[in-house]
Amino acid sequence: MAVPKRPPAAVTPPFPFPWEGAGGGAYKGRDWGRPVTVRGYRSKLAEAAMVLQRERATNKHRGASHPFDGFPLDRLGTHSFKRSAVSLMKDTCTSTALCGAIAGTTAKTLDRVYDMPTLKRQQALVARAFGPVASSLQREEEEAALPPRAAKRAKKKPGSPASAPLLLPPPR
């Protein structure tokens with residue numbers, strides 16, 4: 001027995017959105033039973049870019065910043081969405097292999113093309129890479145500033161705060 005595609009006219013199923021009532025589920029000309037065409041998708045992207053442009057202008061008028069400041073909204077598209085998603089996944093310390101599987105891209109292409117490290121991730125990597133060097137330089141400067149006798153005592157103390165490794169916050 002074949003399952004009917006639509007319920008009989010007398011039975012109206014509960015739809016999750018108020019606009020999906022007896023009108024067949026169409027909202028502003030969108031039929032949710034059919035896939036989006038490329039032309040329809042691109043027109044919605046253009047609408048989204050206009051909304052972002054208005055929000056950005058409003059925030060600028062108020063003197064506030066906007067997350068899309070400095071981003072050319074005329075270039076908004078699927079590629080920029082993919083880059084944003086990859087950068088977000090990499091910022092949360094998702095492995096490159098997992099990001100590549102989700103994005104449908106090889107790890108090499110992912111790192112070369114799509115991953116744009118954020119300032120926060122760059123700062124964390126610099127702190128992790130140069131933290132031990134900076135702490136040893138700081139310790140040497142402090143020892144040089146001490147009188148010779150105090151410097152000798154500081155070297156004997158194994159648990160001095162200057163010799164402790166730099167602790168980094170856990171990645172998010």
# chains A, B, ... in the order shown; residues from 1 in each chain; ligands from 1

$ residues_around --residues "segment 41-45 of chain A" --least-positions-apart "4" --cutoff "9 Å" --atoms "only C-alpha atoms" --output "list in words"
Val36, Thr37, Ala49, Met50, Leu76 and Gly77 of chain A

$ residues_around --residues "segment 112-126 of chain A" --least-positions-apart "2" --cutoff "8 Å" --atoms "only C-alpha atoms" --output "list in words"
Lys82, Arg83, Val86, Ser87, Lys90, Asp91, Lys108, Thr109, Leu110, Arg128, Ala129, Phe130, Gly131 and Leu168 of chain A

$ write_last_selection --atoms "C-alpha atoms" --output "mmCIF file, in the first residue's frame"
data_model
loop_
_atom_site.group_PDB
_atom_site.id
_atom_site.type_symbol
_atom_site.label_atom_id
_atom_site.label_comp_id
_atom_site.auth_asym_id
_atom_site.auth_seq_id
_atom_site.Cartn_x
_atom_site.Cartn_y
_atom_site.Cartn_z
ATOM 1 C CA LYS A 82 33.025 26.935 4.215
ATOM 2 C CA ARG A 83 36.058 28.973 5.272
ATOM 3 C CA VAL A 86 36.564 25.377 8.959
ATOM 4 C CA SER A 87 38.116 28.237 10.969
ATOM 5 C CA LYS A 90 39.913 24.512 13.978
ATOM 6 C CA ASP A 91 39.536 27.150 16.735
ATOM 7 C CA LYS A 108 46.271 19.460 2.699
ATOM 8 C CA THR A 109 43.707 21.605 0.834
ATOM 9 C CA LEU A 110 41.986 22.422 4.096
ATOM 10 C CA ARG A 128 52.881 27.953 23.465
ATOM 11 C CA ALA A 129 55.886 28.148 21.142
ATOM 12 C CA PHE A 130 57.787 31.004 22.784
ATOM 13 C CA GLY A 131 56.561 30.710 26.384
ATOM 14 C CA LEU A 168 48.650 27.983 29.024
#
